[in-house]
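Trainee: Structure file query-v1.cif (mmCIF, C-alpha atoms) is given on the next line.
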data_structure
#
loop_
_atom_site.label_atom_id
_atom_site.label_comp_id
_atom_site.auth_asym_id
_atom_site.auth_seq_id
_atom_site.Cartn_x
_atom_site.Cartn_y
_atom_site.Cartn_z
CA MET E 1 2.94 15.78 -27.26
CA GLN E 2 6.58 16.41 -28.03
CA ALA E 3 8.74 14.07 -25.95
CA ALA E 4 11.16 15.93 -23.69
CA THR E 5 14.69 14.64 -23.22
CA MET E 6 17.04 14.89 -20.28
CA ASP E 7 19.99 17.27 -20.36
CA PRO E 8 23.02 14.98 -20.84
CA ALA E 9 24.93 16.93 -18.18
CA GLU E 10 22.24 16.18 -15.55
CA GLU E 11 21.57 12.56 -16.47
CA PRO E 12 23.19 9.89 -14.23
CA PRO E 13 25.53 7.47 -16.07
CA SER E 14 23.61 4.47 -17.34
CA MET E 15 26.02 2.02 -15.71
CA LEU E 16 24.86 3.33 -12.30
CA TRP E 17 21.09 3.09 -12.89
CA GLY E 18 20.95 -0.35 -11.30
CA LEU E 19 21.93 1.21 -7.95
CA ASP E 20 18.48 2.80 -7.80
CA PRO E 21 15.97 0.16 -6.57
CA ILE E 22 13.14 1.93 -8.42
CA PHE E 23 14.81 1.04 -11.74
CA ALA E 24 14.02 -2.66 -11.26
CA ALA E 25 10.46 -2.09 -9.99
CA PHE E 26 7.13 -1.33 -11.61
CA ALA E 27 6.84 2.30 -10.52
CA ARG E 28 3.35 3.23 -9.30
CA LEU E 29 3.34 6.71 -10.75
CA TYR E 30 0.41 8.96 -11.51
CA VAL E 31 -0.47 9.08 -15.21
CA ARG E 32 0.27 12.83 -15.21
CA ASP E 33 3.86 12.14 -14.17
CA ILE E 34 4.25 9.30 -16.67
CA LEU E 35 3.22 11.66 -19.46
CA GLU E 36 5.61 14.36 -18.24
CA MET E 37 8.69 12.19 -17.62
CA VAL E 38 11.74 13.14 -19.65
CA GLU E 39 13.40 10.56 -21.87
CA SER E 40 17.02 9.49 -21.53
CA THR E 41 19.53 10.70 -24.11
CA GLN E 42 21.70 7.63 -23.46
CA VAL E 43 19.12 4.85 -23.82
CA PRO E 44 15.82 5.42 -25.67
CA GLY E 45 12.87 3.98 -23.76
CA ILE E 46 14.27 4.94 -20.35
CA TYR E 47 12.64 7.89 -18.63
CA PHE E 48 13.45 9.99 -15.58
CA TYR E 49 11.32 11.18 -12.69
CA ASN E 50 13.36 13.16 -10.13
CA LEU E 51 16.49 11.55 -11.65
CA HIS E 52 15.04 8.07 -10.96
CA PRO E 53 15.52 5.93 -14.10
CA ILE E 54 12.18 4.32 -14.96
CA TYR E 55 11.11 2.09 -17.82
CA LYS E 56 8.14 0.12 -16.45
CA VAL E 57 5.12 1.32 -14.51
CA ASP E 58 2.05 0.08 -12.65
CA VAL E 59 -1.25 1.94 -13.20
CA LEU E 60 -4.80 1.56 -11.88
CA GLY E 61 -7.55 3.55 -13.58
CA THR E 62 -10.88 3.67 -15.35
CA VAL E 63 -11.26 2.78 -19.03
CA VAL E 64 -12.46 5.89 -20.88
CA TYR E 65 -12.05 4.65 -24.44
CA LYS E 66 -11.30 1.34 -26.17
CA ARG E 67 -10.36 -0.09 -29.54
CA GLU E 68 -9.98 -3.74 -30.47
CA ARG E 69 -7.81 -5.24 -33.17
CA ASP E 70 -7.09 -8.85 -34.11
CA ASP E 71 -3.97 -8.97 -31.93
CA PHE E 72 -4.53 -6.40 -29.18
CA PHE E 73 -6.86 -4.19 -27.19
CA CYS E 74 -6.17 -0.48 -26.93
CA TYR E 75 -7.54 1.03 -23.72
CA GLY E 76 -7.45 4.65 -22.57
CA VAL E 77 -6.89 4.59 -18.80
CA ASP E 78 -7.77 7.55 -16.56
CA ASP E 79 -6.45 7.57 -12.97
CA GLY E 80 -7.80 11.03 -12.15
CA THR E 81 -4.60 12.88 -13.07
CA GLY E 82 -4.52 12.14 -16.79
CA VAL E 83 -5.28 9.63 -19.52
CA ILE E 84 -2.71 7.29 -21.05
CA ASN E 85 -3.02 4.82 -23.90
CA CYS E 86 -2.42 1.16 -22.93
CA LEU E 87 -1.63 -1.40 -25.61
CA CYS E 88 -2.78 -4.79 -24.30
CA TRP E 89 -1.79 -7.74 -26.48
CA LYS E 90 -4.11 -10.72 -26.71
CA ASN E 91 -2.73 -14.12 -25.84
CA ASP E 92 -3.60 -17.39 -27.56
CA LEU E 93 -6.65 -18.04 -25.38
CA LEU E 94 -8.30 -14.84 -26.55
CA LYS E 95 -7.28 -15.34 -30.17
CA GLU E 96 -8.81 -18.81 -30.14
CA GLN E 97 -12.03 -17.53 -28.59
CA ARG E 98 -13.56 -16.75 -31.97
CA ASP E 99 -12.80 -20.23 -33.29
CA SER E 100 -14.36 -21.82 -30.23
CA THR E 101 -17.61 -19.86 -30.63
CA LYS E 102 -17.95 -21.16 -34.21
CA SER E 103 -17.87 -24.76 -32.98
CA GLY E 104 -21.08 -24.27 -31.02
CA ASP E 105 -21.95 -26.69 -28.19
CA LYS E 106 -20.54 -29.85 -29.76
CA HIS E 107 -18.11 -30.32 -26.84
CA ASN E 108 -20.99 -30.69 -24.40
CA ASP E 109 -22.12 -33.99 -25.90
CA GLY E 110 -19.28 -36.08 -24.46
CA ALA E 111 -18.15 -37.01 -21.01
CA GLN E 112 -21.54 -36.47 -19.32
CA GLY E 113 -20.90 -35.97 -15.62
CA GLY E 114 -17.15 -36.46 -16.12
CA PHE E 115 -14.11 -34.37 -16.93
CA ASN E 116 -14.11 -33.02 -20.47
CA PRO E 117 -10.84 -31.22 -21.33
CA ALA E 118 -12.45 -29.34 -24.21
CA VAL E 119 -15.26 -28.03 -22.01
CA GLU E 120 -12.87 -27.02 -19.23
CA LEU E 121 -10.63 -25.23 -21.73
CA GLU E 122 -13.66 -23.37 -23.03
CA LYS E 123 -14.52 -22.28 -19.47
CA LEU E 124 -10.96 -21.07 -19.01
CA ARG E 125 -11.16 -19.06 -22.23
CA GLN E 126 -14.41 -17.45 -21.11
CA ALA E 127 -13.03 -16.59 -17.66
CA HIS E 128 -9.89 -15.15 -19.22
CA GLN E 129 -11.91 -13.10 -21.69
CA SER E 130 -14.06 -11.65 -18.90
CA ARG E 131 -10.92 -10.36 -17.15
CA CYS E 132 -9.19 -9.01 -20.26
CA HIS E 133 -12.08 -7.66 -22.31
CA LEU E 134 -13.14 -4.43 -20.61
CA GLU E 135 -15.87 -1.94 -21.34
CA ILE E 136 -15.82 1.83 -20.84
CA GLY E 137 -16.23 2.68 -17.15
CA GLU E 138 -14.61 -0.51 -15.82
CA LEU E 139 -11.47 -0.55 -13.68
CA LEU E 140 -8.19 -1.73 -15.26
CA ARG E 141 -4.87 -2.64 -13.65
CA VAL E 142 -2.01 -2.54 -16.13
CA ARG E 143 1.74 -3.06 -15.77
CA GLY E 144 4.42 -2.78 -18.41
CA PRO E 145 7.18 -0.71 -20.03
CA VAL E 146 6.60 2.86 -21.17
CA LYS E 147 7.01 3.63 -24.87
CA THR E 148 6.72 6.70 -27.06
CA SER E 149 4.94 6.02 -30.35
CA ARG E 150 4.06 8.76 -32.85
CA GLN E 151 5.10 11.29 -30.20
CA GLN E 152 2.49 9.85 -27.80
CA ARG E 153 3.41 8.24 -24.47
CA GLU E 154 1.81 4.81 -23.91
CA ILE E 155 2.16 1.63 -21.87
CA MET E 156 2.95 -1.68 -23.57
CA ALA E 157 1.14 -3.97 -21.16
CA SER E 158 2.97 -7.07 -19.95
CA THR E 159 0.12 -7.79 -17.48
CA TYR E 160 -3.40 -6.38 -17.43
CA TYR E 161 -6.75 -7.39 -16.00
CA LYS E 162 -10.15 -6.05 -14.99
CA VAL E 163 -10.44 -5.22 -11.29
CA ASN E 164 -13.73 -6.09 -9.60
CA ASP E 165 -14.06 -3.43 -6.93
CA PRO E 166 -17.75 -3.01 -5.97
CA VAL E 167 -17.05 -1.24 -2.64
CA MET E 168 -13.95 0.63 -3.93
CA ALA E 169 -11.66 -1.15 -1.46
CA VAL E 170 -8.91 -1.62 -4.07
CA GLN E 171 -9.10 2.02 -5.17
CA ILE E 172 -9.00 3.33 -1.60
CA ALA E 173 -6.00 1.15 -0.76
CA TRP E 174 -4.29 2.38 -3.94
CA MET E 175 -4.99 6.03 -3.07
CA LEU E 176 -3.41 5.49 0.35
CA GLU E 177 -0.33 3.59 -0.86
CA VAL E 178 0.72 5.69 -3.87
CA PRO E 179 1.14 9.05 -2.04
CA ASP E 180 3.21 7.20 0.57
CA LEU E 181 5.46 5.81 -2.18
CA TYR E 182 5.91 9.32 -3.54
CA ARG E 183 6.87 10.69 -0.10
CA GLN E 184 9.30 7.89 0.72
CA PHE E 185 10.85 7.20 -2.70
CA TYR E 186 9.76 8.97 -5.89
CA ASP E 187 9.91 12.57 -4.59
CA LYS E 188 13.38 12.03 -3.14
CA PRO E 189 15.84 12.56 -6.02
CA PHE E 190 18.21 9.73 -6.86
CA GLN E 191 21.61 10.87 -5.63
CA LEU E 192 24.86 8.97 -5.94
CA GLN E 193 27.09 9.49 -2.92
CA PRO E 194 30.87 9.34 -3.44
CA ILE E 195 32.52 6.18 -2.21
CA ALA E 196 34.02 6.71 1.22
CA THR E 197 35.78 4.59 3.76
CA GLY E 198 34.98 4.18 7.41
CA ASP E 199 32.71 6.68 9.11
CA LEU E 200 33.27 9.35 6.44
CA GLY E 201 30.53 7.83 4.30
CA ILE E 202 27.94 7.98 7.10
CA SER E 203 26.02 11.22 7.65
CA SER E 204 25.62 12.80 11.07
CA LEU E 205 21.88 12.12 10.88
CA SER E 206 22.46 8.40 10.27
CA LYS E 207 24.90 8.29 13.18
CA ALA E 208 22.44 10.12 15.41
CA THR E 209 19.56 7.74 14.69
CA GLY E 210 21.90 4.77 15.22
CA ILE E 211 23.05 6.11 18.59
CA ILE E 212 19.48 6.62 19.78
CA ARG E 213 18.40 3.14 18.60
CA ASP E 214 21.34 1.57 20.48
CA PHE E 215 20.33 3.50 23.59
CA PHE E 216 16.79 2.07 23.36
CA LYS E 217 18.12 -1.49 23.11
CA GLN E 218 20.71 -1.21 25.88
CA LYS E 219 18.43 0.50 28.39
CA SER E 220 15.13 -1.13 27.31
CA VAL E 221 13.61 2.33 27.12
CA ILE E 222 9.79 2.45 27.09
CA LYS E 223 9.32 6.22 26.91
CA PHE E 224 11.57 9.26 26.98
CA ARG E 225 11.79 12.98 26.47
CA PRO E 226 14.15 14.69 23.98
CA TYR E 227 16.47 15.99 26.69
CA ASP E 228 16.98 12.39 27.88
CA VAL E 229 18.88 11.56 24.67
CA GLN E 230 20.19 14.98 23.64
CA ASP E 231 23.58 14.61 25.36
CA LEU E 232 24.18 11.33 23.50
CA LEU E 233 24.54 13.32 20.28
CA GLN E 234 27.01 15.88 21.67
CA PRO E 235 30.12 14.13 20.20
CA LEU E 236 28.64 14.40 16.70
CA ILE E 237 28.39 18.19 16.95
CA SER E 238 31.71 18.69 18.70
CA SER E 239 33.54 16.81 15.94
CA GLN E 240 32.20 19.00 13.13
CA PRO E 241 34.59 21.63 11.73
CA GLN E 242 33.65 25.20 12.57
CA THR E 243 35.73 27.00 9.90
CA ALA E 244 35.34 27.33 6.16
CA SER E 245 38.99 26.37 5.59
CA ALA E 246 42.23 26.04 7.47
CA HIS E 247 43.32 29.62 6.59
CA GLN E 248 40.07 31.44 7.33
CA GLU E 249 38.42 32.83 10.42
CA PRO E 250 35.61 30.81 12.07
CA VAL E 251 32.40 30.99 10.07
CA ALA E 252 29.38 32.61 11.72
CA GLY E 253 26.50 30.19 12.08
CA PRO E 254 24.24 28.42 14.52
CA SER E 255 25.65 27.72 17.94
CA VAL E 256 26.60 24.23 19.10
CA CYS E 257 23.42 24.09 21.18
CA GLN E 258 21.26 25.05 18.20
CA GLN E 259 22.98 22.48 15.98
CA LEU E 260 22.45 19.83 18.64
CA ARG E 261 18.73 20.60 18.95
CA GLN E 262 18.32 20.59 15.17
CA LEU E 263 20.13 17.25 14.78
CA LEU E 264 18.01 15.74 17.57
CA LYS E 265 14.82 17.06 15.96
CA GLU E 266 15.73 15.52 12.60
CA ALA E 267 16.75 12.21 14.17
CA LEU E 268 13.48 11.95 16.10
CA GLN E 269 11.55 12.72 12.92
CA VAL E 270 13.36 9.90 11.10
CA LEU E 271 12.57 7.50 13.96
CA GLN E 272 8.91 8.56 13.84
CA ASP E 273 8.72 8.13 10.07
CA GLU E 274 10.04 4.57 10.32
CA GLY E 275 7.72 3.79 13.26
CA THR E 276 10.45 3.20 15.85
CA VAL E 277 8.96 5.85 18.15
CA TYR E 278 5.64 7.68 18.38
CA ARG E 279 3.94 10.24 20.59
CA LYS E 280 0.86 8.83 22.28
CA VAL E 281 -0.33 12.31 23.22
CA LYS E 282 0.89 15.45 21.48
CA SER E 283 1.39 18.14 24.11
CA GLN E 284 4.01 20.65 25.26
CA ASP E 285 5.51 17.91 27.38
CA GLU E 286 7.19 15.99 24.56
CA VAL E 287 6.97 12.35 25.57
CA TYR E 288 7.96 9.73 23.02
CA HIS E 289 7.12 6.01 23.32
CA VAL E 290 9.40 3.32 21.91
CA THR E 291 7.08 1.21 19.77
CA ALA E 292 8.80 -2.15 20.28
CA HIS E 293 8.84 -1.75 24.09
CA ASP E 294 5.34 -0.32 24.53
CA LYS E 295 3.47 -3.30 25.98
CA ASP E 296 0.21 -1.32 26.25
CA LEU E 297 0.23 -0.72 22.49
CA LEU E 298 0.98 -4.38 21.73
CA ILE E 299 -1.88 -5.48 24.03
CA ALA E 300 -4.26 -2.95 22.46
CA VAL E 301 -3.48 -4.17 18.92
CA LYS E 302 -3.84 -7.82 19.89
CA ASP E 303 -7.16 -7.17 21.65
CA ILE E 304 -8.53 -5.35 18.61
CA ILE E 305 -7.60 -8.24 16.30
CA ARG E 306 -9.04 -10.81 18.73
CA GLU E 307 -12.34 -8.97 19.16
CA ASP E 308 -12.90 -7.91 15.56
CA SER E 309 -11.91 -11.28 14.09
CA LYS E 310 -15.04 -12.69 15.75
CA ARG E 311 -17.23 -10.42 13.64
CA GLU E 312 -18.74 -12.03 10.57
CA LYS E 313 -17.15 -9.44 8.30
CA TYR E 314 -13.61 -10.45 9.33
CA ALA E 315 -14.16 -14.09 10.27
CA GLU E 316 -12.78 -15.54 7.03
CA LYS E 317 -9.74 -13.40 6.14
CA GLY E 318 -9.11 -11.58 9.40
CA CYS E 319 -8.68 -7.83 9.95
CA HIS E 320 -7.03 -5.66 7.31
CA THR E 321 -4.08 -3.49 8.39
CA LEU E 322 -5.99 -0.29 7.61
CA HIS E 323 -8.94 -1.43 9.75
CA ILE E 324 -6.61 -2.24 12.63
CA LEU E 325 -4.91 1.15 12.26
CA SER E 326 -8.26 2.95 12.32
CA ALA E 327 -9.36 1.01 15.41
CA VAL E 328 -6.07 1.67 17.22
CA ARG E 329 -6.39 5.40 16.55
CA GLN E 330 -9.96 5.41 17.84
CA ARG E 331 -9.41 3.30 20.95
CA TYR E 332 -5.77 3.92 21.91
CA SER E 333 -4.02 6.91 20.31
CA LEU E 334 -4.65 9.12 17.30
CA ASN E 335 -0.92 9.44 16.73
CA VAL E 336 -0.01 5.82 15.96
CA SER E 337 1.41 5.74 12.43
CA LYS E 338 1.05 2.95 9.91
CA ALA E 339 4.81 2.29 10.16
CA ALA E 340 4.54 1.91 13.95
CA LEU E 341 1.58 -0.43 13.60
CA GLU E 342 3.47 -2.60 11.09
CA LEU E 343 6.31 -2.97 13.60
CA VAL E 344 3.81 -4.06 16.26
CA LEU E 345 2.12 -6.54 13.90
CA GLY E 346 5.51 -7.97 12.94
CA SER E 347 6.46 -8.39 16.60
CA LEU E 348 3.14 -10.08 17.48
CA GLU E 349 3.40 -12.42 14.49
CA CYS E 350 7.01 -13.25 15.34
CA ASN E 351 5.84 -14.25 18.84
CA SER E 352 3.03 -16.35 17.31
CA GLU E 353 0.37 -14.23 19.02
CA ILE E 354 -1.30 -13.40 15.70
CA VAL E 355 -1.08 -14.86 12.21
CA SER E 356 -1.32 -13.24 8.76
CA THR E 357 -3.95 -14.95 6.62
CA SER E 358 -3.02 -13.06 3.45
CA ASP E 359 -1.40 -9.81 2.44
CA ASN E 360 -2.28 -7.19 5.08
CA HIS E 361 -4.83 -9.39 6.89
CA TYR E 362 -4.35 -10.71 10.44
CA THR E 363 -6.23 -12.90 12.86
CA VAL E 364 -5.58 -14.72 16.15
CA PHE E 365 -5.11 -18.43 16.63
#
Transcribe the structure of this file into structure tokens.

Mentor:
Amino acid sequence: MQAATMDPAEEPPSMLWGLDPIFAAFARLYVRDILEMVESTQVPGIYFYNLHPIYKVDVLGTVVYKRERDDFFCYGVDDGTGVINCLCWKNDLLKEQRDSTKSGDKHNDGAQGGFNPAVELEKLRQAHQSRCHLEIGELLRVRGPVKTSRQQREIMASTYYKVNDPVMAVQIAWMLEVPDLYRQFYDKPFQLQPIATGDLGISSLSKATGIIRDFFKQKSVIKFRPYDVQDLLQPLISSQPQTASAHQEPVAGPSVCQQLRQLLKEALQVLQDEGTVYRKVKSQDEVYHVTAHDKDLLIAVKDIIREDSKREKYAEKGCHTLHILSAVRQRYSLNVSKAALELVLGSLECNSEIVSTSDNHYTVF
């Protein structure tokens, strides 16, 4: 595969790459996109996806081929979109594994019934080997920088381990999270906005969503219809210039009323995407509920966690966010988004009504 390079005229200046938060993260990209990323002309080893500068990735996939050398494992990882070569270096524990097997069981003779450092170290080596030595068909999680070697794209693993996933819970969670990351971050091109002072640097859409949020806080709004907040955005439309330049006739375009409705529609969509509002029932009568002020939703979520935490399946760790979301959609409203649920869970935890036992797991006191 011949490595493609970015057109220097399109590539963002390297001194500005740090402004993109994806640059500092392990990007959870599909293998297909990792293989197709274009390489920077300014700095070799930096690649671009939708103008996002990327040099390290996070991949979960099945091992489809393997090679072992004295210093590293070479795994071919398939995530369903493509196969990429992953170079996984052995650490000292794995390198010493062969020496320890030659010594036989001589460490077991001492410290009967007590703590034997040599025996415990051997157990650690064996546990480490079981997580790092994979066979074809097993699931591998690998993170590290992307490199191009002999015109082939590969991952130089900084962290890798075998994933035990007998009921495919990890894979399902991954398949739900990665498309969401694409929608919210990766598929939105990295754009540098010119520095502006005052309100000039704030878009009309950002102002509109801010105005509506302030209205919710000041009036403690529980539910509303679009026409209840439409007039609040009127100043934003009235202040927009209606001519192409100072010496030209007014430009034909959408009316003020049409612009207002479009701005309101976009603002409400932003608020829905971030979970601030949701529609309990989708009908011609557009009624939106304010998530933070909807006591019925908060009670429903708390009741679900209380009831399901008593079940043996969730007694130890509590209920996973995805389980709670599924239950809320079945028992309360099909239209509750994951973002809205996360706001509710955060509010309940802040009020000490529920507690998180681990990442994405909640239970009641």

Trainee: Which residue gives the smallest distance to Leu134 of chain E among E:Tyr75, E:Tyr362, E:Tyr182, E:Trp89, with all atoms listed in the file counted?

Mentor: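 Ranking E:Tyr75, E:Tyr362, E:Tyr182, E:Trp89 by distance to Leu134 of chain E, first place goes to E:Tyr75.
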
Trainee: If we count only C-alpha atoms and set the cut-off at 9 Å, which residues sit around segment 28-36 of chain E, ignoring sequence neighbours fewer than 2 positions away in its own chain? Please answer as a list in words.

Mentor: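 Contacts, in chain order: Met1, Ala3, Ala4, Ala25, Phe26, Val38, Tyr47, Tyr49, Val57, Asp58, Val59, Leu60, Val77, Asp78, Asp79, Gly80, Thr81, Gly82, Val83, Ile84, Val146, Gln152, Arg153, Glu154, Val178, Leu181, Tyr182 and Tyr186 of chain E.
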
Trainee: Please evaluate the PyMOL selection byres ((chain E and resi 359) around 12) against the structure above and give the resulting residues as a list in words.

Mentor: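 This file, filtered by the PyMOL selection byres ((chain E and resi 359) around 12), leaves Lys317, Gly318, Cys319, His320, Thr321, Leu322, Val355, Ser356, Thr357, Ser358, Asn360, His361, Tyr362 and Thr363 of chain E.
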
Trainee: With only C-alpha atoms as the counted atoms, please give the residues lying no more than 6 Å from Met156 of chain E, apart from itself and same-chain residues fewer than 4 positions off, as a list in words.

Mentor: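 In the requested format, the answer is Leu87, Gly144 and Pro145 of chain E.
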
Trainee: Write out, as a compact mmCIF listing (two decimals), in the coordinates of the input, the residues just selected, with C-alpha atoms.

Mentor:
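What landed in out.txt:
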# COMPACT_ATOMS: atom_id res chain seq x y z
CA LEU E 87 -1.63 -1.40 -25.61
CA GLY E 144 4.42 -2.78 -18.41
CA PRO E 145 7.18 -0.71 -20.03

Trainee: Can you tell me, as a PyMOL selection string, what residues are no more than 8 Å from Leu325 of chain E when counting all atoms listed in the file, ignoring any on the same chain fewer than 6 positions away?

Mentor: chain E and resi 336-338+341

Trainee: Could you turn the residues from that selection into a file that holds C-alpha atoms, as a short mmCIF file (atom, residue, chain, number, x, y, z; two decimals), in the coordinates of the input?

Mentor:
data_model
loop_
_atom_site.label_atom_id
_atom_site.label_comp_id
_atom_site.auth_asym_id
_atom_site.auth_seq_id
_atom_site.Cartn_x
_atom_site.Cartn_y
_atom_site.Cartn_z
CA VAL E 336 -0.01 5.82 15.96
CA SER E 337 1.41 5.74 12.43
CA LYS E 338 1.05 2.95 9.91
CA LEU E 341 1.58 -0.43 13.60
#

Trainee: State, in Å with one decimal place, the distance from atom CA of Gly45 of chain E to atom CA of Thr148 of chain E.

Mentor: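 Distance between the two atoms: 7.5 Å.
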
Trainee: Identify all residues satisfying the PyMOL selection byres ((chain E and resi 190) around 12) in the given file; provide them as a PyMOL selection string.

Mentor: chain E and resi 10-13+16-23+48-54+184-189+191-193

Trainee: Rank E:Ser158, E:Ser309, E:Gln126, E:Ser220 by their smallest atom-to-atom distance to Thr291 of chain E, using only C-alpha atoms, and report the top residue only.

Mentor: E:Ser220

Trainee: As an exercise, work out the distance from atom CA of Cys88 of chain E to atom CA of Cys74 of chain E in Å and give it to one decimal place.

Mentor: 6.1 Å

Trainee: Which residues match the PyMOL selection byres ((chain E and resi 299) around 12) in the file above, as a list in words?

Mentor: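 Selected by the PyMOL selection byres ((chain E and resi 299) around 12) in this file: Thr291, Ala292, His293, Asp294, Lys295, Asp296, Leu297, Leu298, Ala300, Val301, Lys302, Asp303, Ile304, Ile305, Arg306, Val328, Arg331, Tyr332, Val344, Leu345, Ser347, Leu348, Glu353 and Ile354 of chain E.
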
Trainee: Just the number, please: distance in Å from atom CA of Asn85 of chain E to atom CA of Ala173 of chain E, one decimal.

Mentor: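 Here the two named atoms are 23.6 Å from each other.
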
Trainee: Quick one: everything within 10 Å of Val277 of chain E, counting all atoms listed in the file, minus sequence neighbours fewer than 5 positions away in the same chain. Send it as an MDAnalysis selection string.

Mentor: chainID E and resid 213 222:224 268:272 288:294 336:337 339:340

Trainee: So, with only C-alpha atoms as the atoms that count, which of E:Arg311, E:His323, E:Arg329, E:Arg225 lies closest to Val287 of chain E?

Mentor: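 Checking each of E:Arg311, E:His323, E:Arg329, E:Arg225 against Val287 of chain E, counting only C-alpha atoms, the winner is E:Arg225.
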